[in-house]
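Report on one structure; see the data block that follows.
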Amino acid sequence: MMGWLRRWRKAETGGADAPIVMDGMRKSGGGRTKNRIVMTMSIFFGVYAVMAGRLVYYGTHQPEDNGPPAGRPTAARPDIVDRNGEVLATDIKTASLYAEPRRIVDIDEAIDKLATVLPDIDYEQTYNRLNSKAGFVWLRRQLTPKQEADILALGIPGIGFRSEKRRFYPAGSTVAHIVGLVNVDNKGIAGMEKWVDDQGLAVLQQTGLATARDLKPVRLSIDLRIQHIVHDEIVQAMQRYRAIAAGGVVLNAKTGEILGMASVPDFDPNNPYNANEKDRLNRMSGGVYEMGSTFKTFTTAMALDSGRVKITDHFDASHPIHYGGFTIHDYHAKGRSLSVPEIFIYSSNIGTAKEAEKISIPEHQAFLTRLGLLTKMPLELPEVATPMQPAVWKPLNQMTIAFGHGVATTPLQTAVAGAAVMDGGIYIPPTLLPRTEEQARPLERRVLRAQTSAEMRYLLRLNVEKGSGRQAAVPGFFVGGKTGTADKVVNGRYAHDKNFDAFLAGFPIDDPQYIVLVILDEPKPYGGWPATAGANCAPTAGAIIRRSAPLLGVEPEFGHDSQALLVSYH
Amino acid sequence: MVSRLDRGPVGNWWWTIDRWYLAAFLSLMLLGIVLSFAASPAVAMRIGLDPYHFVIRQIVFMAPALVAMIGVSFLDERQIRRLAIVTLAVSLVLMIVALYFGVEVKGARRWIDLAGISIQPSEFMKPAFVIVCAWLFAERARQPDIPGNFLAMLLLGLTVALLVAQPDLGQTMLLVGTWGVMFFMAGLSWVWIVALGASAIGGLGAAYEVFPHVAKRIDKFMTGEGDTFQVDTAREALMRGGWFGQGPGEGVIKRILPDSHTDFVFAVAGEEFGLILCFIILLLFAFVVLRGLRDSLNEQDNFNRYAIAGLVTQFGLQSIINMGVNLQLLPAKGMTLPFISYGGSSLIAMAVAMGMVLALTRRRPAKRSHIIFSPRAAGPLPAE
């Protein structure tokens, strides 16, 4: 009865929405249950809403750069071109292989597969790299396109390629020392490449402003054709005369531009594994040498310029000079009094020392400083050596310096000073960037009287016509120059069998447009000739002039040194 | 189509079944197949199987699952109770057998081989446990002198002991959570709630102390330090996918995602098909859970109420744990995503559980007229 009543009343009141007051426990249970279900629903709803929010968060946030993480992006670099626009250095795109070790599924398999394309891969090292927890490791930088395609075809998960810029040097070793090198991150580390960075490119790259497109090529003063001739000739000379090193430079006497400069042994900038070897430095600007008799050019010019010595003066060179236990003597001793031109063309140490004695030591120092021979020469290249001189100049030092011993300069410095002596006594600092005569004018500095320069040109021409530089003569181009054969210092003593030879030339000597300097380090006798500069450097310089003068637009003139020929025509 | 006039079992079924649930479950099953193509070949290849090994098995398991779900949905509540009691008894026995004779996988004895098919009895135990507990709570509500709550607690203790022995902490948490929610609904007083909550926290604390890997995972989640490879990778996959995904087969991160076909299938879905699909999956789960709880709310019968609520709670908790781990909202814990993750036992057991939901939510006059048609109305009434 009670049960029936209960059922009936519940049915009457319509069930769920109005729990019936019947059984205290059931009532409270039902109501409470409903509340609790509603609470559970809200909690579930809340949790699902949080998860939906998380999905929205993921959808609106870019993934942190999880891909090939950083790895320094390789910077774009400007091309380097020669004065005619020939490319000396340019960026090419290469692919570099990296791995994300935590994404590698099977290390052994990955390495086995890679080894089919890169057989020289170091198994153990690679395994350790891939087994690390690192997010990013380089496996191989700068692959060839074929290697890239082959590795891609292997389909190894967890590895990838980054496009990198790689420096390519079309001219190879020809311009190696001038253009220089970049490291694997495309930062300039030598030569003009470093100079480019030092000019603010590094800053641009860091700020991300240096993009390949807006970088203008850097134009050099170098003429690739002349550069090639110089390089080719000194390579040949080094082989022919079995020298340990050789170098050459062609300098525009009117502007100070370096048109070609090479030093061998050198390196291949596209594969510079040996570029850091000691004997591969750029000897022309980065090596210092006692230039020997070549220096007599400057001593003679100084003496003449002072007015205390005239070109017609004579000096007694019949006896060696004894001074403080040292003896200065001549190689080609004539045993008589010599005129200034004779001293020059016979390369008399005694005579030159005596000329220098007319000048006080401070004046001598000041003169060499004016010619830029005692201080570090400013040049774009980072590889420039500082000249060496005695801490204190004593009279003996002055005498030896007069004929090129005691002061060590870079060959390039010597060539630049030679240009000043030959080109009207005007000193123009050298440069590897294009420069016109107008641009050079503000930089010009008079170091000699024009008259002295004219006298020096006469002496230099005389030396090629009659003296030690005869082998440098090139018909039509009127070469003038001075040889230098210096004994090298070995273990603190001058060794007579180890020479440093140089030939400093200008052409056409009546109004020099170009200066050529050739050096040979420790050449050996060749073809019956001794290992003196007249026998090796002079013909090499001559060859350089013979090949490059037409390219340089120097007009040959046969009126000066072809008298005999002209006579026969008449 | 089935005629309205057809009063046979099929016609009856078709016109009384809740087609929204059916659609949701079938969608999830379909998604499970689609996503297995994305998620499992990489795993299969990694462990040296045929790339489509898991895909094929997923599809093969789909058939019995579908049959089980539809079949169970034909049952009435009495039959379901019987099925649950039998299943619970059998699966508890099998769990004990598994402890002694089971196949050890990754240090846990959860599996037994029956006629060449390996079965995880604990999966089948779960829905059965829910039904039996619902019955016990309902009986207790009907007849306070029946120690339903006590028996339910006893049952919980037994199953938890078996699960911990395996060990299977994920299932333990899931089971305790489901049980707790059901008990909570059944009118547990707040004193008890606080007490049980405290002991649950104590249990977690014990797990933290006893199982070093649990401690490590919780530390990792709290500090963000240590080896967070899985969850980091899952996040990467989801973020990489973006709204629209990388496209089918275009997933890359899935290849290195461990358990991409089971615990991290959600992240794979995100990477290949985008966050939109993740949303759809999330909505499907939320829909089933909230609709189930709503039905439970409107239910007159306590057993039905607790059973539906318990089954969808278990379904919901499982989905929340799985997706929460994928979304880095919870510490890493292996938990399958219902219907979607690969796993035969899990799939079929889930199908049975949802078949029960379908059965219990069928429209029937009894629901509206509890007094007249409820079979239990004929039972003895409590003394008044």
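Residues are referred to by chain and number: the chain letter is A, B, ... according to the order shown in the structure tokens, the number counts from 1 in that chain, and ligands are numbered separately from 1 in the order shown.
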
Item to complete: Determine which residues of chain B sit within 8 Å of chain A, taking into account only C-alpha atoms, and present them as number ranges by chain.
Response: B: 46, 141-142, 181, 184-187, 236, 238-240, 242-243, 256, 275, 278-279, 282, 286, 289-290, 293-294, 296-300, 309, 316, 320, 323-324, 327, 329, 368-371, 381

Worksheet entry | Filtered DSSP result for segment 141-242 of chain A, state alpha helix (DSSP H), as a PyMOL selection string | chain A and resi 145-154+176-179+191-196+202-206+224-240

Fill in: Expected answer as a ChimeraX atom specification: strand (DSSP E) residues in segment 179-309 of chain A
/A:181-182,188-190,218-219,245-252,258-264,289-290

Discussion item. If we count only C-alpha atoms and set the cut-off at 12 Å, which residues sit around Val103 of chain B, ignoring sequence neighbours fewer than 6 positions away in its own chain? Please answer as a PyMOL selection string.
Written reply: chain B and resi 95+97+109-114+117-120+166

Worksheet item: Residues at most 10 Å from Phe315 of chain B, counting only C-alpha atoms, excluding those fewer than 3 positions away in the same chain, as a PyMOL selection string?
Response: chain B and resi 127+174+178+285-286+288-289+309-312+318-320+337-339+350+353-354

Mind writing the picked residues with N, CA, C and O atoms as a PDB file, in the first residue's frame?
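Writing done, so here's out.pdb:
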ATOM      1  N   PRO B 127      35.035  -1.490 -18.115  1.00  0.00           N
ATOM      2  CA  PRO B 127      33.594  -1.203 -18.209  1.00  0.00           C
ATOM      3  C   PRO B 127      32.780  -2.102 -17.273  1.00  0.00           C
ATOM      4  O   PRO B 127      31.794  -1.640 -16.677  1.00  0.00           O
ATOM      5  N   LEU B 174      43.001   5.683 -13.653  1.00  0.00           N
ATOM      6  CA  LEU B 174      41.757   5.817 -14.391  1.00  0.00           C
ATOM      7  C   LEU B 174      40.606   5.168 -13.613  1.00  0.00           C
ATOM      8  O   LEU B 174      39.526   5.750 -13.456  1.00  0.00           O
ATOM      9  N   THR B 178      37.492   7.042 -11.999  1.00  0.00           N
ATOM     10  CA  THR B 178      36.112   6.745 -12.394  1.00  0.00           C
ATOM     11  C   THR B 178      35.277   6.355 -11.175  1.00  0.00           C
ATOM     12  O   THR B 178      34.153   6.839 -10.971  1.00  0.00           O
ATOM     13  N   PHE B 285      34.809  13.950 -28.136  1.00  0.00           N
ATOM     14  CA  PHE B 285      34.920  13.395 -26.783  1.00  0.00           C
ATOM     15  C   PHE B 285      34.075  14.210 -25.802  1.00  0.00           C
ATOM     16  O   PHE B 285      33.326  13.657 -24.994  1.00  0.00           O
ATOM     17  N   ALA B 286      34.189  15.523 -25.900  1.00  0.00           N
ATOM     18  CA  ALA B 286      33.430  16.366 -24.980  1.00  0.00           C
ATOM     19  C   ALA B 286      31.935  16.154 -25.180  1.00  0.00           C
ATOM     20  O   ALA B 286      31.166  16.075 -24.218  1.00  0.00           O
ATOM     21  N   VAL B 288      30.402  13.412 -26.247  1.00  0.00           N
ATOM     22  CA  VAL B 288      29.973  12.133 -25.679  1.00  0.00           C
ATOM     23  C   VAL B 288      29.890  12.254 -24.158  1.00  0.00           C
ATOM     24  O   VAL B 288      28.897  11.828 -23.537  1.00  0.00           O
ATOM     25  N   VAL B 289      30.905  12.850 -23.562  1.00  0.00           N
ATOM     26  CA  VAL B 289      30.951  12.914 -22.103  1.00  0.00           C
ATOM     27  C   VAL B 289      29.819  13.785 -21.575  1.00  0.00           C
ATOM     28  O   VAL B 289      29.067  13.378 -20.672  1.00  0.00           O
ATOM     29  N   ALA B 309      26.915   7.540 -16.273  1.00  0.00           N
ATOM     30  CA  ALA B 309      27.895   8.531 -15.813  1.00  0.00           C
ATOM     31  C   ALA B 309      29.266   7.888 -15.672  1.00  0.00           C
ATOM     32  O   ALA B 309      30.283   8.446 -16.103  1.00  0.00           O
ATOM     33  N   GLY B 310      29.293   6.688 -15.109  1.00  0.00           N
ATOM     34  CA  GLY B 310      30.587   6.027 -14.902  1.00  0.00           C
ATOM     35  C   GLY B 310      31.263   5.694 -16.210  1.00  0.00           C
ATOM     36  O   GLY B 310      32.467   5.923 -16.380  1.00  0.00           O
ATOM     37  N   LEU B 311      30.476   5.176 -17.157  1.00  0.00           N
ATOM     38  CA  LEU B 311      31.096   4.795 -18.438  1.00  0.00           C
ATOM     39  C   LEU B 311      31.623   6.014 -19.175  1.00  0.00           C
ATOM     40  O   LEU B 311      32.751   5.997 -19.697  1.00  0.00           O
ATOM     41  N   VAL B 312      30.837   7.087 -19.238  1.00  0.00           N
ATOM     42  CA  VAL B 312      31.345   8.256 -19.977  1.00  0.00           C
ATOM     43  C   VAL B 312      32.444   8.959 -19.195  1.00  0.00           C
ATOM     44  O   VAL B 312      33.335   9.565 -19.787  1.00  0.00           O
ATOM     45  N   GLN B 318      39.879   9.075 -19.735  1.00  0.00           N
ATOM     46  CA  GLN B 318      40.909   8.494 -20.599  1.00  0.00           C
ATOM     47  C   GLN B 318      41.286   9.467 -21.710  1.00  0.00           C
ATOM     48  O   GLN B 318      42.461   9.685 -21.997  1.00  0.00           O
ATOM     49  N   SER B 319      40.286  10.083 -22.308  1.00  0.00           N
ATOM     50  CA  SER B 319      40.587  11.038 -23.378  1.00  0.00           C
ATOM     51  C   SER B 319      41.318  12.251 -22.827  1.00  0.00           C
ATOM     52  O   SER B 319      42.231  12.783 -23.467  1.00  0.00           O
ATOM     53  N   ILE B 320      40.948  12.660 -21.625  1.00  0.00           N
ATOM     54  CA  ILE B 320      41.598  13.854 -21.057  1.00  0.00           C
ATOM     55  C   ILE B 320      43.051  13.567 -20.719  1.00  0.00           C
ATOM     56  O   ILE B 320      43.941  14.378 -21.003  1.00  0.00           O
ATOM     57  N   LEU B 337      43.974   6.771 -26.506  1.00  0.00           N
ATOM     58  CA  LEU B 337      42.864   7.657 -26.828  1.00  0.00           C
ATOM     59  C   LEU B 337      41.721   6.764 -27.303  1.00  0.00           C
ATOM     60  O   LEU B 337      41.855   6.068 -28.304  1.00  0.00           O
ATOM     61  N   PRO B 338      40.589   6.766 -26.594  1.00  0.00           N
ATOM     62  CA  PRO B 338      39.530   5.811 -26.911  1.00  0.00           C
ATOM     63  C   PRO B 338      39.174   5.802 -28.393  1.00  0.00           C
ATOM     64  O   PRO B 338      39.015   6.867 -28.998  1.00  0.00           O
ATOM     65  N   PHE B 339      39.084   4.623 -28.964  1.00  0.00           N
ATOM     66  CA  PHE B 339      38.712   4.362 -30.355  1.00  0.00           C
ATOM     67  C   PHE B 339      39.781   4.753 -31.362  1.00  0.00           C
ATOM     68  O   PHE B 339      39.782   4.268 -32.478  1.00  0.00           O
ATOM     69  N   MET B 350      36.538  -0.829 -25.342  1.00  0.00           N
ATOM     70  CA  MET B 350      35.898   0.480 -25.424  1.00  0.00           C
ATOM     71  C   MET B 350      34.588   0.374 -26.195  1.00  0.00           C
ATOM     72  O   MET B 350      33.588   1.022 -25.852  1.00  0.00           O
ATOM     73  N   ALA B 353      32.085  -0.987 -23.897  1.00  0.00           N
ATOM     74  CA  ALA B 353      31.668   0.033 -22.939  1.00  0.00           C
ATOM     75  C   ALA B 353      30.692   1.000 -23.589  1.00  0.00           C
ATOM     76  O   ALA B 353      29.640   1.342 -23.017  1.00  0.00           O
ATOM     77  N   MET B 354      30.999   1.422 -24.804  1.00  0.00           N
ATOM     78  CA  MET B 354      30.124   2.391 -25.455  1.00  0.00           C
ATOM     79  C   MET B 354      28.847   1.726 -25.958  1.00  0.00           C
ATOM     80  O   MET B 354      27.800   2.363 -26.065  1.00  0.00           O
TER      81      MET B 354
END

Worksheet item: Using only C-alpha atoms, which residues sit within 6 Å of Asp268 of chain A once same-chain residues fewer than 3 positions away are excluded, as a ChimeraX atom specification?
Response: /A:172-173,271-272

How would the residues just chosen look if you wrote them out with N, CA, C and O atoms as a short mmCIF file (atom, residue, chain, number, x, y, z; two decimals), in the first residue's frame?
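What ended up in result21.cif:
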data_model
loop_
_atom_site.label_atom_id
_atom_site.label_comp_id
_atom_site.auth_asym_id
_atom_site.auth_seq_id
_atom_site.Cartn_x
_atom_site.Cartn_y
_atom_site.Cartn_z
N GLY A 172 92.14 31.19 -59.02
CA GLY A 172 92.98 30.24 -58.30
C GLY A 172 94.12 30.93 -57.60
O GLY A 172 93.97 32.00 -57.01
N SER A 173 95.28 30.32 -57.72
CA SER A 173 96.42 30.82 -56.96
C SER A 173 96.99 32.11 -57.53
O SER A 173 97.79 32.77 -56.89
N ASN A 271 91.40 25.74 -52.19
CA ASN A 271 91.72 24.58 -51.35
C ASN A 271 92.94 24.95 -50.50
O ASN A 271 94.04 24.46 -50.71
N PRO A 272 92.73 25.88 -49.59
CA PRO A 272 93.88 26.51 -48.93
C PRO A 272 94.43 25.70 -47.76
O PRO A 272 94.67 26.23 -46.70
#

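Among the candidates A:Asn349, A:Gln413, A:Asn274, A:Thr369, the residue lying nearest to Ile328 of chain A is A:Asn349 (atoms considered: only C-alpha atoms).
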
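Taking atom CA of Pro411 of chain A as the reference point, atom CA of Thr532 of chain A is found at 17.0 Å.
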
Worksheet entry | Contacts of Gly205 of chain B at 10 Å (only C-alpha atoms; same-chain gap of 6+ positions) as JSON, numbers by chain | {"B": [199, 211, 214, 215]}

Worksheet entry | Shell around His322 of chain A at 12 Å using only C-alpha atoms, local window under 4 positions removed, as a list in words | Phe326, Thr327, Ile328, His329, Ile350, Ala353, Leu396 and Met399 of chain A

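In this model, the gap between atom CA of Leu118 of chain A and atom CA of Ala95 of chain A comes to 14.0 Å.
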